[in-house]
Amino acid sequence: MVTKEKIRLTKDAPSKSGMLWNTAGLESANWIIEFEFAVDGESSRLYGDGFVFWLTKDFAKEGNVFGAADKFTGLAIFFDTYNNHQGEHNHAHPYISAMMNDGSKSYDHDADGTHTEMAGCQANFRAKKHPTRARLSYLDHTLSLDLDYLGRNEYQRCFSEPQVQIPTGYHIGFSAVTGALHDNHDILSVITKIISVTNPPRQDDIADRHNVKPATARTIEDRPHVASKPVQSTTSKVMWTGFEVGLFVQIGAVIKYLMYKIVFILVIGLSVLGGLIYYARMKNNEKMMKRF
């Protein structure tokens, strides 16, 4: 939905998706991109999933990464509002993470991109009464993200990553998707500033910047996707506990029954044995009386 105030990538409803792309490539090697956004919805407990800022070689390709294509070439910054993975996180959500990709890596949605994250920060930008401002800068191969999500007109540093290689000619974009969980994802404004340098680059240098491979100096361990361990629900635990208690009670009842039965048999046996002994003694006394 497009209005004078905003471009709504998705509304607060299930199974929605939306994209916003600049068809012209960003030709500068030094730049600042400022954008305002808002993420909110009716639910205060279950919502999702967030949106992505893209700066990629290809654009407007649909896929399963927040509505855009996986194995992209370029930069993605995920403004993630829902925690899909409980295993390796040491942070809460909403969470912002950056990923550089040369087209060979997949974004692992189930793990919230933990295995391919270059840098990130926790920032509670959802359900604010004011827009959140983001300032992404790429100056002298250093990529930095600053945020104003508290509405104080002051930026706070999210991350700053040196020795990052971003080619020129890539396209700015945004995308979002909702599933069973949903939110409004709105882009309010986008401003791109070209930063001039004292010594302008030669045409050969500009051509070389087009052919640079997206990369970062940070070593990202290549780890296979490991599915989250299923969490045993309270109901299952109670059922198992109930089964164990019931089993012990049944075993105790059987043992108690067997003990009673054994005692009963012993009593009957001793009674019969006592009767036989008494009968034998009586017969023996009768024989002795006949002799006298």
# chains A, B, ... in the order shown; residues from 1 in each chain; ligands from 1

call {"tool": "closest_atom_pairs", "arguments": {"of": "stretch 65-102 of chain A", "to": "stretch 14-22 of chain A", "cutoff": "12 Å", "atoms": "only C-alpha atoms", "output": "CSV"}}
result
residue,atom,partner,partner_atom,distance
A:Val65,CA,A:Ser17,CA,10.9
A:Phe66,CA,A:Ser17,CA,8.0
A:Gly67,CA,A:Ser17,CA,6.0
A:Ala68,CA,A:Met19,CA,8.0
A:Ala69,CA,A:Met19,CA,11.4

call {"tool": "residues_around", "arguments": {"residues": "A:Tyr82", "least_positions_apart": "4", "cutoff": "7 Å", "atoms": "only C-alpha atoms", "output": "ChimeraX atom specification"}}
result
/A:47-49,93-94

call {"tool": "write_last_selection", "arguments": {"atoms": "N, CA and C atoms", "output": "compact mmCIF listing (two decimals), in the first residue's frame"}}
result
# COMPACT_ATOMS: atom_id res chain seq x y z
N TYR A 47 3.98 -11.75 17.38
CA TYR A 47 4.01 -10.91 16.19
C TYR A 47 5.26 -11.27 15.39
N GLY A 48 5.31 -10.82 14.15
CA GLY A 48 6.48 -11.12 13.32
C GLY A 48 6.24 -10.76 11.87
N ASP A 49 7.27 -10.94 11.04
CA ASP A 49 8.59 -11.40 11.45
C ASP A 49 9.62 -10.27 11.43
N HIS A 93 14.90 -10.33 21.26
CA HIS A 93 14.36 -9.72 20.05
C HIS A 93 13.43 -8.57 20.45
N PRO A 94 13.28 -7.56 19.60
CA PRO A 94 13.80 -7.39 18.25
C PRO A 94 15.33 -7.31 18.20

call {"tool": "residues_around", "arguments": {"residues": "A:His141", "least_positions_apart": "4", "cutoff": "10 Å", "atoms": "only C-alpha atoms", "output": "list in words"}}
result
Ala29, Asn30, Ser137, Glu161, Pro162, Gln163, Val164, Gln165, Ile166 and Thr216 of chain A

call {"tool": "residues_around", "arguments": {"residues": "A:Ile77", "least_positions_apart": "2", "cutoff": "10 Å", "atoms": "only C-alpha atoms", "output": "count of residues only"}}
result
20

call {"tool": "select_by_dssp", "arguments": {"residues": "stretch 103-190 of chain A", "states": "strand (DSSP E or B)", "output": "PyMOL selection string"}}
result
chain A and resi 119-122+132-139+142-148+156-161+164-165+170-177+184-190

call {"tool": "atom_distance", "arguments": {"atom1": "atom CA of A:Arg209", "atom2": "atom CA of A:Asn101"}}
result
16.3 Å

call {"tool": "closest_residue", "arguments": {"among": "A:Glu42, A:Ser196, A:Ile33, A:Thr56", "to": "A:Leu143", "atoms": "only C-alpha atoms"}}
result
A:Ile33

call {"tool": "atom_distance", "arguments": {"atom1": "atom CA of A:Glu34", "atom2": "atom CA of A:Thr132"}}
result
10.7 Å

call {"tool": "closest_residue", "arguments": {"among": "A:Ala180, A:Val212, A:Ile172, A:Leu188", "to": "A:Glu5", "atoms": "only C-alpha atoms"}}
result
A:Leu188

call {"tool": "select_by_dssp", "arguments": {"residues": "stretch 15-119 of chain A", "states": "helix (DSSP H, G or I)", "output": "MDAnalysis selection string"}}
result
chainID A and resid 109:111 114:116

call {"tool": "atom_distance", "arguments": {"atom1": "atom CA of A:Ala13", "atom2": "atom CA of A:Gly41"}}
result
9.1 Å

call {"tool": "residues_around", "arguments": {"residues": "A:Trp31", "least_positions_apart": "5", "cutoff": "9 Å", "atoms": "only C-alpha atoms", "output": "CSV table (one decimal) with C-alpha atoms, in the first residue's frame"}}
result
chain,number,residue,atom,x,y,z
A,26,LEU,CA,24.1,3.1,-6.3
A,136,LEU,CA,23.6,3.3,7.3
A,137,SER,CA,27.0,4.7,6.2
A,138,TYR,CA,29.8,3.2,4.1
A,139,LEU,CA,32.9,5.3,4.3
A,192,THR,CA,20.6,8.5,-0.1
A,193,LYS,CA,23.6,10.9,0.3
A,194,ILE,CA,26.6,10.6,-2.0
A,195,ILE,CA,29.8,11.5,-0.1
A,196,SER,CA,32.4,13.2,-2.2
